[in-house]
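Below is one structure, written out as structure tokens, with a few remarks after it.
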Amino acid sequence: MGSVVKQVRMALSGDEAVAYAVKQSDVDVVAAYPITPQTIIVERFSEYVANGEVPTEFVCTESEHSALTACLAASVTGARAFTATASAGLALMHEMLFVTSGCRAPVVMAIANRALSAPLNIHGDHSDSMAQRDSGWIQLYAENAQEVYDSIIQAFRIAEDTNVLLPVMVGLDGFTLSHTLENVDTLPDDVVKQFIGSRKIPKVLTHEGKMAPFKLDPDNPMTMGPIALPNYYFEFKRQQEEAMKNALSVIKKVNNEYAKISGRSYGNGLIEQYCLEDAEVAAVCLGSTAGTMKTIVDELRAEGVKAGLLRLRTFRPLPVEDLRSALCNVKAVAVMDKCMSFGGNGGPVFHEIRHVLYDADVQPYVVNYIYGLGGRDTSPRELRSIYSDLQRIVAKKRVETPIQYLGLRE
Amino acid sequence: MTKQEWKFTTKDIAEKPDLFLSGHRACAGCAPTTVLRLIMKATRGPTIVTQATGCMEVISSIYPYTSWAMPWLHTAFETAAANASGIEAALKALKRKGQLKHEHVDVIAIAGDGGTYDIGLQALSGAVERGHDFLFVLYDNEAYMNTGIQRSGGTPLGAATTTSPAGTVIPGKLEHKKPIAEIMVAHEMPYVATASPYYWRDLIAKARKGLEVEGPAFLHVFAPCPRGWRTEPAKTIEYSRLAVETCVFPLWEAVDGKYSLSIPSMVFARAPEKKKPVTEYLKGQGRFRHLFMPQNKALLETIQRLTDEKWLKLLKKCGEATVSEPASSSS
């Protein structure tokens, strides 16, 4: 990585890291609505606009529903668009998430992950974005403020890749990342601008029989967001799935290219393996929990326990092959969910990991830990207990309680 | 806004190529399609159209066909104004960066009564408050026709719909039609007008004004629906005329909040004796048939009284002499 550029270290919260990355990403339209713990993102960005530091058109909408709609409409007009939300705001966007991915609009959105009502709770968990699992959006989850900054920049490249053309959401844990000040190494403006490049808009065949850029253009009339009856709808949806598959290699490629200029990479972009090669017991988690888990793995390794960690950075598209080859030699796997799937026999990440391992030659024991809902703090001691549970399972060759609630008053 | 000179002759309008094309799948006698065709005659240059979910979206965009000879976007039911916000913001940003080929691009958002009075009102109010430069066209066929004639905030008092049926106890819709155009005037926006396709020249002129004005404009167009109103398809334009002649749907405009009566309605201000009774408009419409039954006589009278009261209020707002105003009024 000889060409790593000189960077400026800034003290930024996760939210501020998002705003700063967006500032550098040559974004044309930002449309947003405030909601805790995302608010700082729109506040900082408003300051950039008010001080003339960005040429971006900022649309302060009357709801999240309109915020995403405006971003979608701006995107299909040929602009680069960004928004940010959390919790109830993301839930309100639900309808438009599907329309955005269905219109193949490469909008980028930051999610300051927060619990869903009721009861009302402003603190961090993954209920909001997990509920949007099937909305056709790429989902990345960041571990720290540095990765938040890096992922937002990467997200534009991934979304706008002409083999992908899908919206991307980047999750940062509410308060744990959104409001916590960290050292963040930032790239120079011109380096970011060059890395992302200008928006590439593929040409498609219009109803007039011309090849024209896929956008609203008075010179090349195109009907976008039409009604498709049973004779065509299915093909539209199949194409979205193909784009998701393409995203797997694009996310890897972008992670590699970004590493060359920044010196930073996040596993292969899809998953990050920590002490996993020879691990007998391993946990799978998303987001900021991985930081604490890595420390625990270090402690256990020092004690001679073959512990490992897999951090799932890209939840959608699910990196099935990467997950299977990384976990198939582990004896017992604990999957951690900061979300519940009521009546679903475990959390959403648990479902995915068990599903992936069904096709492994030898299936590891797979258990589920639901933790941290509504911002409930999870102590290192509790997290460490997961590994001793796994060791017990391996020793007994038996799972007694497949789904456990960590740090819950029963 | 200064008064616009309308230079288009009938010949010019006729010769201007249609931008909303035939071949769509609307019903016989559909007024909204006529309205769209007339609105598109008013365009003055590069234009992007966006539409809410509804009849006009469904009949005009069945993939892989289209009736739109212009760039067109549909996203959802409640989003016409939010779409326009995003398109307009993108055009501004691209122009600032020198990436827009055109000096100016007009934006037209189109929605039915459901997408305007009800589910789309929040997005519309927000977009107007933010001052985006676009023309919002409401084609008002007074119910959710696309889903099968359910009542909306735009359905008039007494009308029977599938969710406000005329039953043995309840005689159709019990609530008034929301004064949507006046709600928009209350937003202190630059241009609001009402129009009816019978008065097609007035309609085109108002659409053009709405495009020419800087900032948001709102055009409320009366648009009979033979299927939903249970009327003869051949009488669509006749009802568009009767609604104005009975003052059920007066034509007016408000430029920067200043109301003025449009010429087709001015006739009835200057010569009140020419104003027709509401029964002239209501009779023949299946949705109002029950009003002519003896037990609903009082409701029919109420509709006439309320129509008269609203007309007098409008005349006051327009600064017209209210000759039929009761003499006892002192203030």
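Lettering and numbering for the structure tokens are positional, with chains as A, B, ... in the shown order, residues counted from 1 in each chain, and ligands counted from 1 in the shown order.
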Distance filter 7 Å, only C-alpha atoms, chain A against chain B, as a list of chain:residue names: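 Only these qualify: A:Asp28, A:Val29, A:Thr56, A:Glu57, A:Thr61, A:Glu62, A:Ser66, A:Thr69, A:Ala70, A:Cys71, A:Ala73, A:Ala74, A:Thr77, A:Ala79, A:Val99, A:Leu216, A:Asp217, A:Pro218, A:Pro221, A:Met222, A:Thr223, A:Met224, A:Gly225, A:Pro226, A:Ile227, A:Ala228.
By chain and then residue number, the residues within 7 Å of stretch 84-93 of chain A are Ala32, Ile35, Pro37, Gln38, Glu64, His65, Leu68, Glu95, Met96, Leu97, Met109, Ala110, Ile111, Ala112, Asn113, Arg114, Ala115, Leu116 and Asp128 of chain A, counting only C-alpha atoms and disregarding those fewer than 2 positions away in sequence.
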Those in stretch 9-233 of chain B with alpha helix (DSSP H) from DSSP, as a PyMOL selection string: chain B and resi 10-15+31-41+55-60+80-96+121-129+180-185+200-212+226-229
From a DSSP pass on the backbone, collect the residues of stretch 28-144 of chain A flagged as strand (DSSP E) and hand them back as a CSV table (one decimal) with C-alpha atoms, in the first residue's frame.
chain,number,residue,atom,x,y,z
A,29,VAL,CA,-29.1,16.7,-2.6
A,30,VAL,CA,-29.5,16.0,1.1
A,31,ALA,CA,-33.1,15.6,2.2
A,32,ALA,CA,-33.6,14.8,5.9
A,57,GLU,CA,-29.2,21.5,-2.1
A,58,PHE,CA,-30.5,20.8,1.4
A,59,VAL,CA,-34.2,19.9,1.7
A,60,CYS,CA,-35.5,20.0,5.3
A,81,ALA,CA,-28.5,11.9,-2.9
A,82,PHE,CA,-28.1,11.2,0.8
A,83,THR,CA,-30.4,11.0,3.9
A,84,ALA,CA,-30.1,9.8,7.4
A,85,THR,CA,-32.6,8.5,10.0
A,108,VAL,CA,-27.1,6.4,0.5
A,109,MET,CA,-28.6,6.6,4.0
A,110,ALA,CA,-27.0,6.5,7.5
A,111,ILE,CA,-29.0,4.8,10.2
A,112,ALA,CA,-28.1,5.7,13.8
A,113,ASN,CA,-29.5,2.3,14.9
A,138,ILE,CA,-27.6,-3.1,0.9
A,139,GLN,CA,-26.9,-3.0,4.6
A,140,LEU,CA,-23.4,-2.3,6.1
A,141,TYR,CA,-22.9,-2.1,9.9
Which neighbours of A:Ile403 fall inside 9 Å, counting only C-alpha atoms, when residues of the same chain fewer than 6 positions from it are skipped, and could you give them as a PDB file with C-alpha atoms, in the first residue's frame?
ATOM      1  CA  ASN A 345     -37.406 -18.871  17.211  1.00  0.00           C
ATOM      2  CA  GLY A 346     -34.393 -16.603  17.564  1.00  0.00           C
ATOM      3  CA  GLY A 347     -33.133 -13.311  16.164  1.00  0.00           C
ATOM      4  CA  VAL A 367     -26.818 -20.848  19.577  1.00  0.00           C
ATOM      5  CA  ASN A 368     -28.397 -17.417  19.844  1.00  0.00           C
ATOM      6  CA  TYR A 369     -27.824 -14.585  22.331  1.00  0.00           C
ATOM      7  CA  ILE A 370     -30.282 -11.733  22.270  1.00  0.00           C
TER       8      ILE A 370
END
Near-A:Val184 list (7 Å; only C-alpha atoms; drop same-chain fewer than 2 positions) as a PyMOL selection string: chain A and resi 9-12+145-146+182+186
How would the residues just picked look written out with N, CA and C atoms as an mmCIF file, in the first residue's frame?
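Writing the result to result_34.cif gives the following:
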data_model
loop_
_atom_site.group_PDB
_atom_site.id
_atom_site.type_symbol
_atom_site.label_atom_id
_atom_site.label_comp_id
_atom_site.auth_asym_id
_atom_site.auth_seq_id
_atom_site.Cartn_x
_atom_site.Cartn_y
_atom_site.Cartn_z
ATOM 1 N N ARG A 9 -6.142 13.743 11.398
ATOM 2 C CA ARG A 9 -6.873 13.115 12.510
ATOM 3 C C ARG A 9 -7.810 14.133 13.139
ATOM 4 N N MET A 10 -9.089 13.774 13.190
ATOM 5 C CA MET A 10 -10.097 14.668 13.772
ATOM 6 C C MET A 10 -10.799 13.944 14.912
ATOM 7 N N ALA A 11 -11.285 14.710 15.874
ATOM 8 C CA ALA A 11 -12.097 14.127 16.950
ATOM 9 C C ALA A 11 -13.555 14.268 16.524
ATOM 10 N N LEU A 12 -14.174 13.145 16.151
ATOM 11 C CA LEU A 12 -15.540 13.185 15.635
ATOM 12 C C LEU A 12 -16.399 12.123 16.320
ATOM 13 N N ALA A 145 -16.332 4.847 14.836
ATOM 14 C CA ALA A 145 -16.542 6.086 14.083
ATOM 15 C C ALA A 145 -15.664 6.142 12.827
ATOM 16 N N GLN A 146 -14.461 5.567 12.930
ATOM 17 C CA GLN A 146 -13.582 5.521 11.765
ATOM 18 C C GLN A 146 -14.239 4.745 10.625
ATOM 19 N N GLU A 182 -14.542 10.016 18.897
ATOM 20 C CA GLU A 182 -13.402 9.126 18.645
ATOM 21 C C GLU A 182 -12.416 9.841 17.727
ATOM 22 N N THR A 186 -9.087 11.326 8.539
ATOM 23 C CA THR A 186 -9.884 11.728 7.380
ATOM 24 C C THR A 186 -8.991 11.975 6.177
#
A:Leu276 surroundings by only C-alpha atoms, 6 Å radius, close-in-sequence under 3 positions cut, as a PyMOL selection string: chain A and resi 273+279+308
Those same residues - N, CA and C atoms - I'd like them written as a PDB file, in the first residue's frame.
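The resulting file, selection.pdb, is shown below:
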ATOM      1  N   GLN A 273     -12.799 -11.406  10.040  1.00  0.00           N
ATOM      2  CA  GLN A 273     -12.496 -12.563  10.882  1.00  0.00           C
ATOM      3  C   GLN A 273     -11.437 -12.170  11.896  1.00  0.00           C
ATOM      4  N   ALA A 279     -10.107 -21.365  15.450  1.00  0.00           N
ATOM      5  CA  ALA A 279     -11.007 -21.235  16.606  1.00  0.00           C
ATOM      6  C   ALA A 279     -11.904 -22.458  16.775  1.00  0.00           C
ATOM      7  N   GLY A 308     -12.663 -17.194  18.900  1.00  0.00           N
ATOM      8  CA  GLY A 308     -12.604 -16.346  17.708  1.00  0.00           C
ATOM      9  C   GLY A 308     -13.850 -15.490  17.580  1.00  0.00           C
TER      10      GLY A 308
END
Surrounding residues of B:Gly153 excluding itself and chain neighbours under 5 positions, 8 Å, only C-alpha atoms, as a list in words: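 Result of the neighbour search: Asp113, Gly114, Tyr117, Asp118, Ala143, His176, Lys177 and Lys178 of chain B.
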Close residues, A:Val22 itself excluded, 8 Å, only C-alpha atoms, min 3 positions apart in chain, as a list of chain:residue names: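 So, after excluding close chain neighbours, the residues are A:Val18, A:Ala19, A:Ser25, A:Asp26, A:Val27, A:Phe82, A:Ile152, A:Ile153.
Atom pair atom CA of A:Gly407 / atom CA of A:Ile386 has a distance of 11.5 Å (rounded to one decimal).
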Computed interatomic separation between atom CA of A:Leu172 and atom CA of A:Arg384 (Å):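 Separation between atom CA of A:Leu172 and atom CA of A:Arg384: 23.1 Å.
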